[in-house]
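Peer 1: Here you go, this is input-v2.tsv (TSV, C-alpha atoms).
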chain	number	residue	atom	x	y	z
A	1	MET	CA	76.03	84.13	97.48
A	2	PHE	CA	77.82	82.27	100.24
A	3	SER	CA	80.48	81.14	97.79
A	4	THR	CA	81.08	84.76	96.73
A	5	LEU	CA	81.26	85.97	100.32
A	6	ARG	CA	83.68	83.18	101.17
A	7	LYS	CA	85.87	84.10	98.20
A	8	TRP	CA	86.11	87.76	99.19
A	9	SER	CA	86.61	86.84	102.83
A	10	HIS	CA	89.57	84.67	101.87
A	11	PHE	CA	90.89	87.40	99.58
A	12	VAL	CA	91.34	89.83	102.49
A	13	LYS	CA	92.02	87.10	105.09
A	14	PHE	CA	89.00	88.23	107.09
A	15	SER	CA	89.74	85.64	109.78
A	16	HIS	CA	92.94	87.53	110.62
A	17	THR	CA	90.76	90.33	111.95
A	18	LEU	CA	91.04	88.32	115.18
A	19	PHE	CA	94.48	89.87	115.61
A	20	ALA	CA	93.64	93.57	115.68
A	21	LEU	CA	89.97	93.62	116.67
A	22	PRO	CA	90.37	92.31	120.27
A	23	PHE	CA	92.94	95.03	121.01
A	24	ALA	CA	90.56	97.66	119.65
A	25	LEU	CA	87.62	96.31	121.66
A	26	ALA	CA	89.76	96.09	124.81
A	27	ALA	CA	90.76	99.73	124.36
A	28	MET	CA	87.10	100.62	123.81
A	29	ALA	CA	86.12	98.89	127.05
A	30	VAL	CA	88.80	100.64	129.11
A	31	ALA	CA	88.00	104.01	127.54
A	32	ALA	CA	84.31	103.49	128.45
A	33	ARG	CA	85.19	102.39	131.98
A	34	GLU	CA	82.91	104.91	133.62
A	35	ASN	CA	80.01	103.06	132.00
A	36	SER	CA	81.30	99.56	132.94
A	37	GLY	CA	83.07	99.25	129.60
A	38	TRP	CA	80.10	99.78	127.29
A	39	PRO	CA	80.08	102.91	125.06
A	40	GLY	CA	76.62	102.25	123.61
A	41	TRP	CA	75.46	100.31	120.57
A	42	ARG	CA	75.98	103.16	118.12
A	43	THR	CA	79.62	103.74	119.07
A	44	PHE	CA	80.28	100.01	119.21
A	45	ALA	CA	78.82	99.49	115.72
A	46	LEU	CA	80.82	102.38	114.27
A	47	ILE	CA	84.06	101.12	115.84
A	48	LEU	CA	83.37	97.69	114.37
A	49	LEU	CA	82.66	99.21	110.95
A	50	ALA	CA	85.82	101.32	111.12
A	51	MET	CA	87.98	98.34	112.10
A	52	ILE	CA	86.63	96.04	109.40
A	53	SER	CA	86.82	98.79	106.77
A	54	ALA	CA	90.39	99.76	107.68
A	55	ARG	CA	91.67	96.21	107.62
A	56	THR	CA	89.85	95.37	104.39
A	57	CYS	CA	91.29	98.46	102.72
A	58	ALA	CA	94.83	97.69	103.90
A	59	MET	CA	94.66	94.00	102.97
A	60	SER	CA	93.17	94.55	99.53
A	61	PHE	CA	95.80	97.24	98.83
A	62	ASN	CA	98.49	94.77	99.91
A	63	ARG	CA	97.14	92.11	97.55
A	64	ILE	CA	97.01	94.63	94.69
A	65	VAL	CA	100.54	96.02	94.98
A	66	ASP	CA	102.10	92.61	95.71
A	67	ARG	CA	100.27	90.67	93.00
A	68	GLU	CA	103.36	90.18	90.82
A	69	PHE	CA	105.42	88.93	93.77
A	70	ASP	CA	102.55	86.63	94.74
A	71	ARG	CA	102.41	85.27	91.19
A	72	ALA	CA	106.12	84.40	91.25
A	73	ASN	CA	106.09	82.88	94.74
A	74	PRO	CA	105.01	79.19	94.77
A	75	ARG	CA	103.47	79.65	98.23
A	76	THR	CA	101.17	82.46	97.08
A	77	ALA	CA	100.66	81.77	93.37
A	78	ASN	CA	97.14	80.49	94.00
A	79	ARG	CA	95.95	83.70	95.64
A	80	HIS	CA	92.95	85.34	94.06
A	81	LEU	CA	94.60	88.04	91.94
A	82	PRO	CA	97.49	85.98	90.52
A	83	SER	CA	95.17	83.08	89.72
A	84	GLY	CA	92.49	85.29	88.14
A	85	GLN	CA	89.74	84.43	90.62
A	86	ILE	CA	89.26	88.14	91.31
A	87	SER	CA	89.87	90.94	88.80
A	88	LEU	CA	92.17	93.85	89.49
A	89	ALA	CA	89.30	96.31	88.97
A	90	SER	CA	87.19	94.47	91.56
A	91	ALA	CA	90.05	94.52	94.03
A	92	TRP	CA	90.53	98.27	93.58
A	93	THR	CA	86.80	98.80	94.01
A	94	LEU	CA	86.83	96.92	97.31
A	95	CYS	CA	89.91	98.85	98.46
A	96	LEU	CA	88.38	102.26	97.70
A	97	LEU	CA	84.96	101.40	99.12
A	98	SER	CA	86.43	100.08	102.36
A	99	GLY	CA	88.62	103.16	102.68
A	100	ALA	CA	85.51	105.30	102.28
A	101	GLY	CA	83.82	103.10	104.89
A	102	LEU	CA	86.52	103.96	107.43
A	103	ILE	CA	86.14	107.69	106.77
A	104	LEU	CA	82.35	107.46	106.99
A	105	ALA	CA	82.49	105.52	110.27
A	106	SER	CA	84.98	108.03	111.68
A	107	TRP	CA	82.70	110.91	110.73
A	108	GLY	CA	79.92	109.23	112.69
A	109	LEU	CA	82.13	108.84	115.77
A	110	ASN	CA	83.60	112.29	116.41
A	111	ARG	CA	85.45	115.13	114.74
A	112	LEU	CA	88.92	114.03	115.91
A	113	CYS	CA	88.52	110.54	114.47
A	114	PHE	CA	87.23	112.00	111.20
A	115	PHE	CA	90.20	114.33	110.78
A	116	LEU	CA	92.67	111.55	111.61
A	117	SER	CA	91.08	108.92	109.35
A	118	PRO	CA	92.96	109.88	106.12
A	119	LEU	CA	96.25	109.70	108.05
A	120	ALA	CA	95.25	106.28	109.37
A	121	LEU	CA	94.53	105.08	105.83
A	122	ALA	CA	97.91	106.33	104.63
A	123	VAL	CA	99.74	104.53	107.45
A	124	ILE	CA	97.99	101.19	107.08
A	125	CYS	CA	98.46	101.11	103.30
A	126	PHE	CA	102.06	102.38	103.32
A	127	TYR	CA	103.24	99.16	105.00
A	128	SER	CA	102.62	97.19	101.79
A	129	LEU	CA	105.35	99.17	100.01
A	130	THR	CA	108.03	98.92	102.68
A	131	LYS	CA	109.40	95.48	101.78
A	132	ARG	CA	110.83	97.14	98.68
A	133	PHE	CA	113.23	99.44	100.52
A	134	THR	CA	113.64	98.67	104.26
A	135	ASP	CA	114.51	95.67	106.40
A	136	TYR	CA	112.20	97.02	109.10
A	137	THR	CA	108.97	96.36	107.22
A	138	HIS	CA	107.67	94.53	110.32
A	139	VAL	CA	107.88	97.75	112.32
A	140	PHE	CA	105.67	99.58	109.83
A	141	LEU	CA	103.10	96.81	110.01
A	142	GLY	CA	103.31	96.99	113.80
A	143	ILE	CA	102.59	100.72	113.69
A	144	ALA	CA	99.56	100.01	111.50
A	145	LEU	CA	98.22	97.53	114.05
A	146	ALA	CA	98.94	99.93	116.90
A	147	LEU	CA	96.42	102.35	115.40
A	148	ALA	CA	93.60	99.92	116.27
A	149	PRO	CA	93.57	100.49	120.06
A	150	VAL	CA	94.36	104.19	119.63
A	151	GLY	CA	91.48	104.65	117.22
A	152	ALA	CA	89.02	102.77	119.41
A	153	TRP	CA	90.04	104.75	122.49
A	154	LEU	CA	89.65	108.06	120.67
A	155	ALA	CA	86.33	106.87	119.25
A	156	VAL	CA	84.98	106.68	122.81
A	157	ARG	CA	86.72	109.63	124.41
A	158	GLY	CA	87.45	111.98	121.53
A	159	ALA	CA	89.68	114.88	122.52
A	160	ALA	CA	88.68	114.54	126.20
A	161	VAL	CA	91.44	112.04	127.03
A	162	SER	CA	93.41	112.78	130.21
A	163	PRO	CA	97.25	112.55	130.37
A	164	THR	CA	97.00	109.25	132.25
A	165	GLU	CA	94.65	107.92	129.60
A	166	VAL	CA	97.14	108.92	126.92
A	167	ALA	CA	99.87	107.00	128.77
A	168	ALA	CA	97.65	103.90	129.04
A	169	MET	CA	96.61	104.19	125.40
A	170	LEU	CA	100.23	104.43	124.24
A	171	LEU	CA	101.28	101.46	126.37
A	172	LEU	CA	98.57	99.37	124.76
A	173	ALA	CA	99.46	100.62	121.28
A	174	LEU	CA	103.15	99.82	121.80
A	175	ALA	CA	102.27	96.38	123.13
A	176	ALA	CA	100.23	95.69	119.99
A	177	MET	CA	103.09	96.96	117.83
A	178	PHE	CA	105.77	94.75	119.42
A	179	TRP	CA	103.41	91.77	119.38
A	180	LEU	CA	102.90	92.20	115.64
A	181	ILE	CA	106.61	92.68	114.98
A	182	GLY	CA	107.36	89.41	116.72
A	183	PHE	CA	104.85	87.23	114.93
A	184	ASP	CA	105.33	88.90	111.55
A	185	ILE	CA	109.02	87.97	111.71
A	186	ILE	CA	107.95	84.39	112.37
A	187	TYR	CA	105.56	84.52	109.41
A	188	ALA	CA	108.32	85.90	107.15
A	189	LEU	CA	110.37	82.74	107.71
A	190	GLN	CA	108.20	81.03	105.11
A	191	ASP	CA	109.42	83.35	102.34
A	192	TYR	CA	113.08	83.61	103.35
A	193	ASP	CA	114.49	82.00	100.19
A	194	PHE	CA	112.07	83.73	97.82
A	195	ASP	CA	112.56	87.19	99.36
A	196	ARG	CA	116.34	86.84	99.27
A	197	GLN	CA	116.30	85.83	95.60
A	198	ARG	CA	113.94	88.66	94.64
A	199	GLY	CA	115.71	91.36	96.64
A	200	LEU	CA	112.78	91.92	98.98
A	201	HIS	CA	113.52	93.22	102.45
A	202	SER	CA	112.79	91.84	105.91
A	203	LEU	CA	114.71	91.23	109.10
A	204	VAL	CA	114.75	87.53	108.24
A	205	VAL	CA	116.61	88.30	105.01
A	206	ALA	CA	118.89	90.90	106.60
A	207	TRP	CA	119.82	89.02	109.77
A	208	GLY	CA	119.15	85.41	108.88
A	209	PRO	CA	116.43	83.19	110.37
A	210	ARG	CA	118.27	82.44	113.63
A	211	ASN	CA	119.00	86.07	114.55
A	212	ALA	CA	115.58	87.21	113.34
A	213	LEU	CA	113.89	84.68	115.62
A	214	GLN	CA	115.87	86.04	118.55
A	215	ALA	CA	114.66	89.53	117.65
A	216	ALA	CA	111.08	88.20	117.47
A	217	PHE	CA	111.43	86.65	120.91
A	218	LEU	CA	112.80	89.90	122.36
A	219	SER	CA	109.93	91.81	120.74
A	220	HIS	CA	107.38	89.50	122.35
A	221	MET	CA	108.98	89.82	125.77
A	222	ILE	CA	108.81	93.61	125.43
A	223	MET	CA	105.17	93.26	124.41
A	224	TRP	CA	104.46	91.21	127.53
A	225	GLY	CA	106.19	93.78	129.75
A	226	LEU	CA	104.14	96.59	128.19
A	227	LEU	CA	100.92	94.68	128.83
A	228	PHE	CA	102.00	94.21	132.43
A	229	ALA	CA	102.67	97.95	132.77
A	230	PHE	CA	99.29	98.69	131.18
A	231	GLY	CA	97.59	96.48	133.76
A	232	LEU	CA	99.39	98.25	136.60
A	233	LEU	CA	98.35	101.66	135.30
A	234	ALA	CA	94.77	100.50	134.89
A	235	ARG	CA	94.85	98.93	138.38
A	236	PHE	CA	93.82	95.53	137.07
A	237	ARG	CA	93.99	92.57	139.44
A	238	VAL	CA	93.78	88.77	139.52
A	239	ALA	CA	91.89	88.09	136.28
A	240	TYR	CA	94.26	90.22	134.24
A	241	LEU	CA	97.39	88.75	135.83
A	242	SER	CA	96.08	85.23	135.18
A	243	GLY	CA	95.49	86.16	131.57
A	244	LEU	CA	99.00	87.58	131.27
A	245	LEU	CA	100.50	84.34	132.56
A	246	PHE	CA	98.54	82.38	129.99
A	247	ILE	CA	99.65	84.81	127.27
A	248	LEU	CA	103.28	84.29	128.33
A	249	PHE	CA	102.83	80.54	128.00
A	250	CYS	CA	101.38	81.00	124.49
A	251	LEU	CA	104.28	83.24	123.46
A	252	LEU	CA	106.85	80.71	124.66
A	253	LEU	CA	105.01	77.91	122.86
A	254	GLU	CA	104.84	80.00	119.69
A	255	HIS	CA	108.60	80.43	119.62
A	256	TRP	CA	109.23	76.78	120.40
A	257	LEU	CA	107.05	75.87	117.40
A	258	ALA	CA	108.61	78.51	115.14
A	259	ARG	CA	112.08	77.10	115.65
A	260	ARG	CA	110.98	73.86	114.04
A	261	ARG	CA	110.86	75.77	110.72
A	262	SER	CA	108.07	73.54	109.36
A	263	LEU	CA	105.47	75.42	107.31
A	264	ASN	CA	102.57	73.77	109.12
A	265	TRP	CA	104.00	74.58	112.51
A	266	ILE	CA	104.67	78.18	111.52
A	267	ASN	CA	101.04	78.57	110.43
A	268	THR	CA	99.92	77.15	113.77
A	269	ALA	CA	102.21	79.52	115.66
A	270	PHE	CA	101.11	82.45	113.53
A	271	PHE	CA	97.34	82.12	113.44
A	272	ARG	CA	95.99	79.90	116.19
A	273	LEU	CA	98.22	81.00	119.04
A	274	ASN	CA	98.10	84.71	118.19
A	275	ALA	CA	94.33	84.63	117.79
A	276	LEU	CA	94.18	82.97	121.20
A	277	ILE	CA	96.50	85.59	122.71
A	278	SER	CA	94.42	88.54	121.51
A	279	THR	CA	91.16	86.87	122.53
A	280	VAL	CA	92.41	86.07	126.05
A	281	PHE	CA	93.63	89.65	126.40
A	282	LEU	CA	90.20	90.97	125.43
A	283	VAL	CA	88.36	88.63	127.80
A	284	VAL	CA	90.45	89.42	130.89
A	285	THR	CA	90.44	93.16	130.16
A	286	VAL	CA	86.66	93.26	129.78
A	287	ALA	CA	86.30	91.17	132.93
A	288	GLU	CA	88.43	93.61	134.94
A	289	VAL	CA	86.53	96.62	133.62
A	290	ALA	CA	83.14	95.02	134.28
A	291	PHE	CA	83.99	94.01	137.85
A	292	GLN	CA	85.69	97.28	138.79
A	293	GLY	CA	82.95	99.47	137.37
A	294	GLY	CA	83.49	103.22	137.10
A	295	PHE	CA	87.13	103.55	138.08
A	296	ARG	CA	88.57	106.69	136.51
A	297	PHE	CA	92.08	107.37	135.25
A	298	ARG	CA	93.64	110.18	137.25
Rewrite the coordinates I just gave you, this time as structure tokens.
Peer 2:
Amino acid sequence: MFSTLRKWSHFVKFSHTLFALPFALAAMAVAARENSGWPGWRTFALILLAMISARTCAMSFNRIVDREFDRANPRTANRHLPSGQISLASAWTLCLLSGAGLILASWGLNRLCFFLSPLALAVICFYSLTKRFTDYTHVFLGIALALAPVGAWLAVRGAAVSPTEVAAMLLLALAAMFWLIGFDIIYALQDYDFDRQRGLHSLVVAWGPRNALQAAFLSHMIMWGLLFAFGLLARFRVAYLSGLLFILFCLLLEHWLARRRSLNWINTAFFRLNALISTVFLVVTVAEVAFQGGFRFR
């Protein structure tokens, strides 16, 4: 049983949930600020189910539609579908069931989330097709990630969000989007030669690794500025600012590592540092909400 669970977990890169989930939980905490950041166990469980279901659906769809590219790419030839470890029918079953899981969780949250859930599924799955026709595939993936904090915020507040809350929610969503754009460009460095030979699109292919890395760095600096603006709007203080400084250090280290162009270093920059960034952001946000109590957005 554990072997099977491990296989399916690796198939959808379940560990990469550490990227989107902390932003969703941070948004949940801020949206539930009047209750010291806790929306109740039911809402929390449904948000968690929605997040895991959405990401599983998107990742399994990505593995399905990219299976021929993965088979031809030496870096990805050992993935589960190309190597036959998982059947195509099983992958489609997981994709459809997890998509239904998102809709079911959204129905349990509120009417607005339920009505928006099919649109969310379309957005998060559409990214997997974009490398076939646009250099800005990273932007589409960023938009998909940006839905995580928006969805969690709406899960708590529904249609009762104030204009200031909308501004804060959008700042956080844009920050998540630019963060993803930056580190997805770094990740795409690994497939630069393969993508160019196969006619697949990315900013790395279109602009070259050097210029693409500069774009990634600019994207991460914009992300940091948006997080700073979010903290100002939320009236966060010392803990949040300390976290932002640590996040800035991690971003600078990530780009220093990425410029070494070694596969091992790129994986370190991609996973470990970005998982740390999102986790630190969640911790300092929850700390600010817990200490400030029932502050309301005006």
Peer 1: Choose the residue, out of A:Leu21, A:Cys57, A:Ala72, A:Leu244, that has the smallest atom-to-atom separation from Gln197 of chain A; count only C-alpha atoms.
Peer 2: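 Smallest separation from Gln197 of chain A among the options: A:Ala72.
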Peer 1: I'd like the interatomic distance between atom CA of Leu94 of chain A and atom CA of Arg63 of chain A, to a tenth of an Å.
Peer 2: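 If I compute the distance from atom CA of Leu94 of chain A to atom CA of Arg63 of chain A, I get 11.4 Å.
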Peer 1: Please identify all polymer residues within 10 Å of Gly151 of chain A, counting all atoms listed in the file, omitting same-chain residues fewer than 4 positions from it, and present them as a PDB file with C-alpha atoms, in the frame of the given file.
Peer 2:
ATOM      1  CA  ALA A  24      90.560  97.660 119.650  1.00  0.00           C
ATOM      2  CA  ALA A  27      90.760  99.730 124.360  1.00  0.00           C
ATOM      3  CA  MET A  28      87.100 100.620 123.810  1.00  0.00           C
ATOM      4  CA  ILE A  47      84.060 101.120 115.840  1.00  0.00           C
ATOM      5  CA  ALA A  50      85.820 101.320 111.120  1.00  0.00           C
ATOM      6  CA  MET A  51      87.980  98.340 112.100  1.00  0.00           C
ATOM      7  CA  SER A 106      84.980 108.030 111.680  1.00  0.00           C
ATOM      8  CA  LEU A 112      88.920 114.030 115.910  1.00  0.00           C
ATOM      9  CA  CYS A 113      88.520 110.540 114.470  1.00  0.00           C
ATOM     10  CA  LEU A 116      92.670 111.550 111.610  1.00  0.00           C
ATOM     11  CA  SER A 117      91.080 108.920 109.350  1.00  0.00           C
ATOM     12  CA  ALA A 120      95.250 106.280 109.370  1.00  0.00           C
ATOM     13  CA  ALA A 146      98.940  99.930 116.900  1.00  0.00           C
ATOM     14  CA  LEU A 147      96.420 102.350 115.400  1.00  0.00           C
ATOM     15  CA  ALA A 155      86.330 106.870 119.250  1.00  0.00           C
ATOM     16  CA  VAL A 156      84.980 106.680 122.810  1.00  0.00           C
ATOM     17  CA  ARG A 157      86.720 109.630 124.410  1.00  0.00           C
ATOM     18  CA  GLY A 158      87.450 111.980 121.530  1.00  0.00           C
ATOM     19  CA  MET A 169      96.610 104.190 125.400  1.00  0.00           C
ATOM     20  CA  ALA A 173      99.460 100.620 121.280  1.00  0.00           C
TER      21      ALA A 173
END
Peer 1: Write out as a list in words which residues come within 12 Å of Phe194 of chain A when counting only C-alpha atoms, dropping same-chain ones fewer than 6 positions away.
Peer 2: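 Selected residues are Phe69, Asp70, Arg71, Ala72, Asn73, Pro74, Arg75, Thr76, Ala188, Leu200, His201, Ser202, Val204 and Val205 of chain A.
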Peer 1: Measure the distance from atom CA of Gly84 of chain A to atom CA of Phe2 of chain A in Å and round it to one decimal.
Peer 2: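 Atom CA of Phe2 of chain A lies at a distance of 19.3 Å from atom CA of Gly84 of chain A.
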Peer 1: Kindly indicate which residue among A:Val150, A:Val161, A:Phe140, A:Asn62 lies nearest to Phe178 of chain A, using all atoms listed in the file for the distances.
Peer 2: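 Selected residue with least distance to Phe178 of chain A: A:Phe140.
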Peer 1: Could you work out how far atom CA of Trp179 of chain A lies from atom CA of His220 of chain A, giving the answer in Å with one decimal?
Peer 2: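 Pair atom CA of His220 of chain A / atom CA of Trp179 of chain A returns 5.5 Å.
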Peer 1: I need the residue nearest Met177 of chain A from this list: A:Ala212, A:Ala287, A:Ile222, A:Leu46. Use all atoms listed in the file for the distance.
Peer 2: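 Result for the nearest residue to Met177 of chain A: A:Ile222.
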Peer 1: Of the candidates A:Thr137, A:Ser53, A:Gln292, A:Thr17, which shows the shortest atom-to-atom distance to Leu102 of chain A, using only C-alpha atoms?
Peer 2: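 The closest residue to Leu102 of chain A is A:Ser53.
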Peer 1: Write out as AutoDock Vina command-line options an axis-aligned box for segment 276-287 of chain A: all of its atoms listed in the file, 8 Å added on each side, centre and edge lengths in Å with one decimal.
Peer 2:
--center_x 91.4 --center_y 88.1 --center_z 127.1 --size_x 26.2 --size_y 26.3 --size_z 27.7
Peer 1: Kindly indicate which residue among A:Asp195, A:Asp184, A:Glu34, A:Glu288 lies nearest to Ala258 of chain A, using all atoms listed in the file for the distances.
Peer 2: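 Among the listed residues, A:Asp184 lies closest to Ala258 of chain A.
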Peer 1: Hey, which of A:Ser60, A:Thr279, A:Gln214, A:Ser242 ends up closest to Ser128 of chain A? Count all atoms listed in the file.
Peer 2: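 Closest to Ser128 of chain A, using all atoms listed in the file: A:Ser60.
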